[in-house]
$ cat model22.cif   # mmCIF, C-alpha atoms
data_start
loop_
_atom_site.label_atom_id
_atom_site.label_comp_id
_atom_site.auth_asym_id
_atom_site.auth_seq_id
_atom_site.Cartn_x
_atom_site.Cartn_y
_atom_site.Cartn_z
CA MET I 1406 -53.14 100.21 2.34
CA ARG I 1407 -55.93 99.30 -0.10
CA SER I 1408 -55.76 95.59 0.69
CA ALA I 1409 -55.97 96.25 4.45
CA LEU I 1410 -58.88 98.62 3.88
CA ALA I 1411 -60.63 96.10 1.62
CA GLU I 1412 -60.25 93.44 4.33
CA LEU I 1413 -61.77 95.76 6.95
CA LEU I 1414 -64.65 96.66 4.63
CA ARG I 1415 -65.48 92.97 4.14
CA SER I 1416 -66.43 92.88 7.83
CA ILE I 1417 -68.92 95.75 7.43
CA ASP I 1418 -72.43 95.13 6.16
CA GLY I 1419 -74.11 98.00 4.37
CA ILE I 1420 -73.25 101.19 2.54
CA VAL I 1421 -69.83 102.73 3.15
CA LEU I 1422 -69.47 106.48 2.78
CA ALA I 1423 -66.28 107.12 0.83
CA TYR I 1424 -64.61 110.18 -0.66
CA ARG I 1425 -62.99 111.26 -3.91
CA SER I 1426 -59.45 112.33 -3.11
CA ILE I 1427 -57.85 115.67 -3.71
CA PRO I 1428 -54.06 116.07 -4.07
CA GLY I 1429 -52.30 114.94 -0.91
CA GLU I 1430 -55.00 112.45 0.16
CA PRO I 1431 -54.74 108.67 -0.30
CA ASP I 1432 -56.57 107.63 -3.46
CA ILE I 1433 -59.24 105.02 -2.71
CA ASP I 1434 -60.99 105.20 -6.11
CA PRO I 1435 -59.88 101.65 -7.09
CA LEU I 1436 -61.93 100.27 -4.18
CA LEU I 1437 -65.02 102.14 -5.34
CA GLY I 1438 -64.65 100.85 -8.87
CA GLY I 1439 -64.94 97.22 -7.83
CA SER I 1440 -68.47 97.49 -6.44
CA PRO I 1441 -69.67 101.10 -6.66
CA GLU I 1442 -73.19 100.20 -5.50
CA ARG I 1443 -71.73 99.47 -2.04
CA PHE I 1444 -70.50 103.03 -1.64
CA ALA I 1445 -71.89 106.50 -1.13
CA LEU I 1446 -70.26 109.89 -1.66
CA THR I 1447 -70.81 113.32 -0.20
CA ARG I 1448 -71.88 116.42 -2.05
CA THR I 1449 -70.77 119.81 -0.81
CA PRO I 1450 -73.71 122.14 -1.51
CA GLU I 1451 -73.32 125.90 -1.84
CA ARG I 1452 -74.92 126.20 1.61
CA GLY I 1453 -75.76 123.79 4.35
CA PRO I 1454 -74.46 120.40 5.41
CA LEU I 1455 -72.88 117.70 3.28
CA THR I 1456 -75.45 115.52 1.59
CA LEU I 1457 -75.11 111.77 0.95
CA HIS I 1458 -75.63 110.11 -2.44
CA PRO I 1459 -75.02 106.73 -4.10
CA ALA I 1460 -71.55 106.51 -5.64
CA THR I 1461 -73.23 105.38 -8.86
CA ALA I 1462 -74.94 108.78 -9.28
CA ALA I 1463 -73.96 111.16 -12.07
CA ALA I 1464 -71.04 113.35 -11.03
CA GLU I 1465 -69.62 116.79 -11.63
CA ARG I 1466 -66.34 118.48 -10.73
CA HIS I 1467 -66.34 120.48 -7.49
CA ARG I 1468 -64.48 123.79 -7.53
CA PHE I 1469 -61.72 122.15 -5.44
CA GLY I 1470 -61.15 119.58 -8.19
CA PHE I 1471 -62.76 116.38 -6.90
CA GLU I 1472 -65.76 114.61 -8.38
CA GLN I 1473 -69.02 114.82 -6.45
CA PRO I 1474 -72.61 113.74 -7.13
CA VAL I 1475 -74.73 116.24 -9.07
CA ALA I 1476 -77.31 118.28 -7.16
CA THR I 1477 -80.17 116.21 -8.57
CA ALA I 1478 -78.67 112.86 -7.48
CA PRO I 1479 -80.86 110.74 -5.18
CA GLU I 1480 -80.11 111.37 -1.51
CA LEU I 1481 -79.40 108.79 1.14
CA ALA I 1482 -80.40 109.11 4.79
CA ASP I 1483 -77.77 109.27 7.52
CA ASP I 1484 -79.06 105.94 8.87
CA ASP I 1485 -78.29 104.29 5.50
CA ILE I 1486 -74.56 104.62 6.20
CA ALA I 1487 -72.82 101.67 7.91
CA ALA I 1488 -69.29 103.16 8.04
CA VAL I 1489 -67.39 106.26 6.89
CA LEU I 1490 -63.99 106.51 5.20
CA VAL I 1491 -62.57 109.86 6.31
CA PRO I 1492 -59.80 111.85 4.64
CA GLY I 1493 -57.67 114.29 6.61
CA ARG I 1494 -54.52 116.37 6.53
CA ALA I 1495 -53.24 114.53 9.61
CA PHE I 1496 -54.40 112.09 12.29
CA ASP I 1497 -53.05 111.19 15.70
CA HIS I 1498 -52.64 107.88 17.51
CA ALA I 1499 -55.84 108.46 19.52
CA GLY I 1500 -58.00 108.98 16.43
CA GLY I 1501 -57.88 112.78 16.39
CA ARG I 1502 -58.16 114.30 12.93
CA LEU I 1503 -56.96 117.53 11.40
CA GLY I 1504 -59.23 118.40 8.49
CA ARG I 1505 -59.23 121.33 6.12
CA GLY I 1506 -60.76 123.78 8.58
CA GLN I 1507 -64.32 124.02 7.31
CA GLY I 1508 -65.83 121.47 9.72
CA HIS I 1509 -67.86 119.70 7.02
CA TYR I 1510 -66.80 116.19 8.04
CA ASP I 1511 -67.05 116.85 11.78
CA ARG I 1512 -70.66 118.03 11.36
CA LEU I 1513 -71.40 115.00 9.18
CA LEU I 1514 -69.80 112.54 11.60
CA ALA I 1515 -71.71 114.08 14.52
CA ARG I 1516 -74.99 113.39 12.67
CA LEU I 1517 -74.28 109.68 12.30
CA PRO I 1518 -74.98 107.09 15.02
CA ALA I 1519 -71.98 106.86 17.36
CA GLU I 1520 -71.53 103.11 16.78
CA ARG I 1521 -70.77 103.60 13.07
CA PRO I 1522 -67.08 103.01 12.31
CA ARG I 1523 -65.22 106.19 11.39
CA ILE I 1524 -62.16 105.08 9.46
CA GLY I 1525 -59.37 107.60 8.94
CA ILE I 1526 -57.43 107.01 5.71
CA ALA I 1527 -53.84 108.17 6.09
CA THR I 1528 -50.21 107.57 5.31
CA LEU I 1529 -47.77 106.81 8.12
CA ALA I 1530 -46.21 110.22 7.48
CA THR I 1531 -49.50 111.94 8.36
CA VAL I 1532 -50.10 110.03 11.61
CA LEU I 1533 -48.65 112.20 14.36
CA ALA I 1534 -48.36 111.85 18.13
CA VAL I 1535 -51.03 114.54 18.64
CA VAL I 1536 -53.04 116.82 16.39
CA PRO I 1537 -54.88 119.87 17.69
CA THR I 1538 -58.55 119.11 18.32
CA GLU I 1539 -61.54 121.03 19.61
CA ASP I 1540 -64.63 119.89 21.50
CA HIS I 1541 -66.67 119.50 18.30
CA ASP I 1542 -64.07 117.31 16.55
CA VAL I 1543 -65.14 113.69 16.10
CA ARG I 1544 -62.49 111.03 16.69
CA MET I 1545 -61.88 108.11 14.38
CA THR I 1546 -62.48 104.53 15.49
CA HIS I 1547 -59.86 103.12 13.08
CA LEU I 1548 -56.86 104.33 11.12
CA VAL I 1549 -55.78 102.68 7.89
CA THR I 1550 -52.24 103.28 6.62
CA GLU I 1551 -49.75 101.39 4.50
CA ALA I 1552 -48.90 99.50 7.74
CA GLY I 1553 -52.46 98.14 8.01
CA VAL I 1554 -55.55 98.80 10.13
CA ARG I 1555 -55.38 100.08 13.72
CA ASP I 1556 -58.35 100.17 16.05
CA VAL I 1557 -57.92 103.47 17.92
CA ARG I 1558 -60.96 103.32 20.18
CA PRO I 1559 -59.95 103.94 23.81
CA THR I 1560 -60.97 100.45 24.97
CA HIS I 1561 -58.58 98.72 22.57
CA PRO I 1562 -54.78 98.48 22.77
CA ARG I 1563 -53.20 100.70 20.16
CA ARG I 1564 -50.39 99.65 17.89
CA THR I 1565 -47.56 102.00 17.17
CA ALA I 1566 -46.07 102.39 13.70
CA CYS I 1567 -43.50 99.71 14.54
CA GLY I 1568 -46.21 97.27 15.65
CA ALA I 1569 -45.67 97.40 19.43
CA THR I 1570 -48.72 97.64 21.68
CA SER I 1571 -48.97 100.80 23.76
#
$ encode --input "model22.cif" --output "structure tokens"
Amino acid sequence: MRSALAELLRSIDGIVLAYRSIPGEPDIDPLLGGSPERFALTRTPERGPLTLHPATAAAERHRFGFEQPVATAPELADDDIAAVLVPGRAFDHAGGRLGRGQGHYDRLLARLPAERPRIGIATLATVLAVVPTEDHDVRMTHLVTEAGVRDVRPTHPRRTACGATS
């Protein structure tokens, strides 16, 4: 999974918004360690939307156990982000995402320009035929699993887990 993701990221110029995993999410920390200046991370404030910060900023432990930038870390603008790596509990073959129910990522993704790649990071076991979505949910443009990268935008043929085009 990491090598396929690294290959995809080589084709993207600019800052990539990543995440620090919590139990049950694919761990992408090794990618961040190679060139942390290329990445940004979110901060979940007590109130309000997620904020964006350089991955090199000082960090603290969030109450849910992941590392996040400290409140005083420099902020990045939404337009500074070239692509987003998105965790989720489950994804579907059309790019639908089931998050943790707070809507933080959906609100963040809705703020970003629509042409920015939204890359769901998943395992094959968490890619389902369909996940429940609502009107405000933002679909992924790509899914990365241990089977590789799949472009899931509607104008592209989709590959199934066994590699056949659907």
$ residues_around --input "model22.cif" --residues "Leu1490 of chain I" --least-positions-apart "6" --cutoff "9 Å" --atoms "all atoms listed in the file" --output "compact mmCIF listing (two decimals) with C-alpha atoms, in the coordinates of the input"
# COMPACT_ATOMS: atom_id res chain seq x y z
CA VAL I 1421 -69.83 102.73 3.15
CA LEU I 1422 -69.47 106.48 2.78
CA ALA I 1423 -66.28 107.12 0.83
CA TYR I 1424 -64.61 110.18 -0.66
CA PRO I 1522 -67.08 103.01 12.31
CA ARG I 1523 -65.22 106.19 11.39
CA ILE I 1524 -62.16 105.08 9.46
CA GLY I 1525 -59.37 107.60 8.94
CA ILE I 1526 -57.43 107.01 5.71
$ residues_around --input "model22.cif" --residues "Arg1443 of chain I" --least-positions-apart "5" --cutoff "8 Å" --atoms "only C-alpha atoms" --output "PyMOL selection string"
chain I and resi 1419-1421+1437+1460
$ write_last_selection --input "model22.cif" --atoms "C-alpha atoms" --output "PDB file, in the coordinates of the input"
ATOM      1  CA  GLY I1419     -74.110  98.000   4.370  1.00  0.00           C
ATOM      2  CA  ILE I1420     -73.250 101.190   2.540  1.00  0.00           C
ATOM      3  CA  VAL I1421     -69.830 102.730   3.150  1.00  0.00           C
ATOM      4  CA  LEU I1437     -65.020 102.140  -5.340  1.00  0.00           C
ATOM      5  CA  ALA I1460     -71.550 106.510  -5.640  1.00  0.00           C
TER       6      ALA I1460
END
$ residues_around --input "model22.cif" --residues "segment 1468-1480 of chain I" --least-positions-apart "6" --cutoff "10 Å" --atoms "all atoms listed in the file" --output "VMD selection string"
chain I and resid 1424 to 1428 1445 to 1450 1456 to 1462
$ atom_distance --input "model22.cif" --atom1 "atom CA of Asp1497 of chain I" --atom2 "atom CA of Asp1483 of chain I"
26.1 Å
$ closest_residue --input "model22.cif" --among "I:Ala1463, I:Phe1444, I:Val1532, I:His1498" --to "Ile1417 of chain I" --atoms "only C-alpha atoms"
I:Phe1444
$ atom_distance --input "model22.cif" --atom1 "atom CA of Asp1484 of chain I" --atom2 "atom CA of Leu1503 of chain I"
25.1 Å
$ closest_residue --input "model22.cif" --among "I:Pro1492, I:Thr1528, I:Ile1486, I:Ala1411" --to "Gly1439 of chain I" --atoms "all atoms listed in the file"
I:Ala1411
$ resolve_selection --input "model22.cif" --expression "the PyMOL selection byres ((chain I and resi 1520) around 10)" --output "MDAnalysis selection string"
chainID I and resid 1487:1488 1517:1519 1521:1523 1546
$ resolve_selection --input "model22.cif" --expression "the PyMOL selection byres ((chain I and resi 1550) around 7)" --output "ChimeraX atom specification"
/I:1406,1526-1529,1548-1549,1551-1554
$ residues_around --input "model22.cif" --residues "Thr1538 of chain I" --least-positions-apart "4" --cutoff "9 Å" --atoms "all atoms listed in the file" --output "PDB file with C-alpha atoms, in the frame of the given file"
ATOM      1  CA  GLY I1501     -57.880 112.780  16.390  1.00  0.00           C
ATOM      2  CA  ARG I1502     -58.160 114.300  12.930  1.00  0.00           C
ATOM      3  CA  LEU I1503     -56.960 117.530  11.400  1.00  0.00           C
ATOM      4  CA  ASP I1542     -64.070 117.310  16.550  1.00  0.00           C
ATOM      5  CA  VAL I1543     -65.140 113.690  16.100  1.00  0.00           C
TER       6      VAL I1543
END
$ closest_residue --input "model22.cif" --among "I:Glu1430, I:Asp1485, I:Leu1436, I:Ala1495" --to "Glu1412 of chain I" --atoms "only C-alpha atoms"
I:Leu1436
$ atom_distance --input "model22.cif" --atom1 "atom CA of Arg1505 of chain I" --atom2 "atom CA of Ser1440 of chain I"
28.5 Å
$ decode --input "model22.cif" --residues "segment 1470-1503 of chain I" --atoms "N, CA and C atoms" --output "PDB file, in the first residue's frame"
ATOM      1  N   GLY I1470      -5.956  10.067  21.071  1.00  0.00           N
ATOM      2  CA  GLY I1470      -4.724   9.303  21.020  1.00  0.00           C
ATOM      3  C   GLY I1470      -3.786   9.561  19.866  1.00  0.00           C
ATOM      4  N   PHE I1471      -4.164  10.363  18.891  1.00  0.00           N
ATOM      5  CA  PHE I1471      -3.252  10.635  17.776  1.00  0.00           C
ATOM      6  C   PHE I1471      -2.507  11.942  18.025  1.00  0.00           C
ATOM      7  N   GLU I1472      -1.390  12.091  17.327  1.00  0.00           N
ATOM      8  CA  GLU I1472      -0.598  13.314  17.432  1.00  0.00           C
ATOM      9  C   GLU I1472      -1.182  14.372  16.499  1.00  0.00           C
ATOM     10  N   GLN I1473      -1.251  15.608  16.986  1.00  0.00           N
ATOM     11  CA  GLN I1473      -1.716  16.712  16.156  1.00  0.00           C
ATOM     12  C   GLN I1473      -0.860  17.938  16.439  1.00  0.00           C
ATOM     13  N   PRO I1474      -0.799  18.887  15.498  1.00  0.00           N
ATOM     14  CA  PRO I1474      -0.032  20.104  15.744  1.00  0.00           C
ATOM     15  C   PRO I1474      -0.576  20.860  16.964  1.00  0.00           C
ATOM     16  N   VAL I1475       0.317  21.527  17.665  1.00  0.00           N
ATOM     17  CA  VAL I1475      -0.093  22.335  18.819  1.00  0.00           C
ATOM     18  C   VAL I1475      -0.900  23.534  18.337  1.00  0.00           C
ATOM     19  N   ALA I1476      -1.664  24.134  19.244  1.00  0.00           N
ATOM     20  CA  ALA I1476      -2.538  25.253  18.892  1.00  0.00           C
ATOM     21  C   ALA I1476      -1.772  26.448  18.341  1.00  0.00           C
ATOM     22  N   THR I1477      -0.533  26.618  18.740  1.00  0.00           N
ATOM     23  CA  THR I1477       0.255  27.767  18.290  1.00  0.00           C
ATOM     24  C   THR I1477       1.040  27.500  17.004  1.00  0.00           C
ATOM     25  N   ALA I1478       0.873  26.322  16.409  1.00  0.00           N
ATOM     26  CA  ALA I1478       1.587  25.991  15.169  1.00  0.00           C
ATOM     27  C   ALA I1478       1.140  26.911  14.040  1.00  0.00           C
ATOM     28  N   PRO I1479       2.056  27.263  13.133  1.00  0.00           N
ATOM     29  CA  PRO I1479       1.671  28.098  11.985  1.00  0.00           C
ATOM     30  C   PRO I1479       0.552  27.421  11.196  1.00  0.00           C
ATOM     31  N   GLU I1480      -0.386  28.222  10.704  1.00  0.00           N
ATOM     32  CA  GLU I1480      -1.497  27.677   9.918  1.00  0.00           C
ATOM     33  C   GLU I1480      -1.234  27.803   8.436  1.00  0.00           C
ATOM     34  N   LEU I1481      -1.748  26.848   7.695  1.00  0.00           N
ATOM     35  CA  LEU I1481      -1.710  26.881   6.238  1.00  0.00           C
ATOM     36  C   LEU I1481      -3.098  27.240   5.721  1.00  0.00           C
ATOM     37  N   ALA I1482      -3.144  27.849   4.551  1.00  0.00           N
ATOM     38  CA  ALA I1482      -4.424  28.170   3.911  1.00  0.00           C
ATOM     39  C   ALA I1482      -4.936  26.949   3.157  1.00  0.00           C
ATOM     40  N   ASP I1483      -6.233  26.875   2.973  1.00  0.00           N
ATOM     41  CA  ASP I1483      -6.821  25.770   2.213  1.00  0.00           C
ATOM     42  C   ASP I1483      -6.187  25.656   0.826  1.00  0.00           C
ATOM     43  N   ASP I1484      -5.922  26.786   0.186  1.00  0.00           N
ATOM     44  CA  ASP I1484      -5.343  26.783  -1.159  1.00  0.00           C
ATOM     45  C   ASP I1484      -3.922  26.256  -1.199  1.00  0.00           C
ATOM     46  N   ASP I1485      -3.253  26.147  -0.045  1.00  0.00           N
ATOM     47  CA  ASP I1485      -1.894  25.602   0.009  1.00  0.00           C
ATOM     48  C   ASP I1485      -1.869  24.092  -0.206  1.00  0.00           C
ATOM     49  N   ILE I1486      -3.018  23.446  -0.085  1.00  0.00           N
ATOM     50  CA  ILE I1486      -3.094  21.984  -0.125  1.00  0.00           C
ATOM     51  C   ILE I1486      -3.311  21.500  -1.553  1.00  0.00           C
ATOM     52  N   ALA I1487      -2.425  20.601  -2.029  1.00  0.00           N
ATOM     53  CA  ALA I1487      -2.512  20.067  -3.386  1.00  0.00           C
ATOM     54  C   ALA I1487      -3.311  18.762  -3.456  1.00  0.00           C
ATOM     55  N   ALA I1488      -3.352  18.014  -2.360  1.00  0.00           N
ATOM     56  CA  ALA I1488      -4.074  16.735  -2.303  1.00  0.00           C
ATOM     57  C   ALA I1488      -4.295  16.377  -0.837  1.00  0.00           C
ATOM     58  N   VAL I1489      -5.279  15.498  -0.590  1.00  0.00           N
ATOM     59  CA  VAL I1489      -5.614  15.106   0.779  1.00  0.00           C
ATOM     60  C   VAL I1489      -5.630  13.587   0.888  1.00  0.00           C
ATOM     61  N   LEU I1490      -4.932  13.057   1.900  1.00  0.00           N
ATOM     62  CA  LEU I1490      -5.004  11.639   2.239  1.00  0.00           C
ATOM     63  C   LEU I1490      -6.075  11.519   3.322  1.00  0.00           C
ATOM     64  N   VAL I1491      -7.089  10.696   3.064  1.00  0.00           N
ATOM     65  CA  VAL I1491      -8.275  10.671   3.915  1.00  0.00           C
ATOM     66  C   VAL I1491      -8.454   9.310   4.575  1.00  0.00           C
ATOM     67  N   PRO I1492      -8.484   9.284   5.909  1.00  0.00           N
ATOM     68  CA  PRO I1492      -8.791   8.028   6.597  1.00  0.00           C
ATOM     69  C   PRO I1492     -10.312   7.810   6.617  1.00  0.00           C
ATOM     70  N   GLY I1493     -10.722   6.610   6.922  1.00  0.00           N
ATOM     71  CA  GLY I1493     -12.147   6.320   7.046  1.00  0.00           C
ATOM     72  C   GLY I1493     -12.356   4.948   7.647  1.00  0.00           C
ATOM     73  N   ARG I1494     -13.559   4.738   8.159  1.00  0.00           N
ATOM     74  CA  ARG I1494     -13.907   3.414   8.690  1.00  0.00           C
ATOM     75  C   ARG I1494     -14.177   2.447   7.556  1.00  0.00           C
ATOM     76  N   ALA I1495     -14.742   2.977   6.449  1.00  0.00           N
ATOM     77  CA  ALA I1495     -15.019   2.161   5.263  1.00  0.00           C
ATOM     78  C   ALA I1495     -15.169   3.086   4.066  1.00  0.00           C
ATOM     79  N   PHE I1496     -14.957   2.521   2.885  1.00  0.00           N
ATOM     80  CA  PHE I1496     -15.121   3.234   1.620  1.00  0.00           C
ATOM     81  C   PHE I1496     -15.918   2.327   0.697  1.00  0.00           C
ATOM     82  N   ASP I1497     -16.483   2.903  -0.369  1.00  0.00           N
ATOM     83  CA  ASP I1497     -17.117   2.043  -1.362  1.00  0.00           C
ATOM     84  C   ASP I1497     -16.449   2.243  -2.719  1.00  0.00           C
ATOM     85  N   HIS I1498     -16.847   1.423  -3.671  1.00  0.00           N
ATOM     86  CA  HIS I1498     -16.201   1.406  -4.981  1.00  0.00           C
ATOM     87  C   HIS I1498     -16.412   2.693  -5.768  1.00  0.00           C
ATOM     88  N   ALA I1499     -17.371   3.510  -5.371  1.00  0.00           N
ATOM     89  CA  ALA I1499     -17.631   4.779  -6.056  1.00  0.00           C
ATOM     90  C   ALA I1499     -16.984   5.961  -5.337  1.00  0.00           C
ATOM     91  N   GLY I1500     -16.170   5.683  -4.316  1.00  0.00           N
ATOM     92  CA  GLY I1500     -15.503   6.766  -3.596  1.00  0.00           C
ATOM     93  C   GLY I1500     -16.253   7.288  -2.396  1.00  0.00           C
ATOM     94  N   GLY I1501     -17.380   6.666  -2.057  1.00  0.00           N
ATOM     95  CA  GLY I1501     -18.096   7.049  -0.837  1.00  0.00           C
ATOM     96  C   GLY I1501     -17.257   6.686   0.382  1.00  0.00           C
ATOM     97  N   ARG I1502     -17.422   7.457   1.445  1.00  0.00           N
ATOM     98  CA  ARG I1502     -16.618   7.255   2.656  1.00  0.00           C
ATOM     99  C   ARG I1502     -17.505   7.278   3.889  1.00  0.00           C
ATOM    100  N   LEU I1503     -17.239   6.328   4.770  1.00  0.00           N
ATOM    101  CA  LEU I1503     -17.888   6.304   6.075  1.00  0.00           C
ATOM    102  C   LEU I1503     -16.846   6.742   7.090  1.00  0.00           C
TER     103      LEU I1503
END
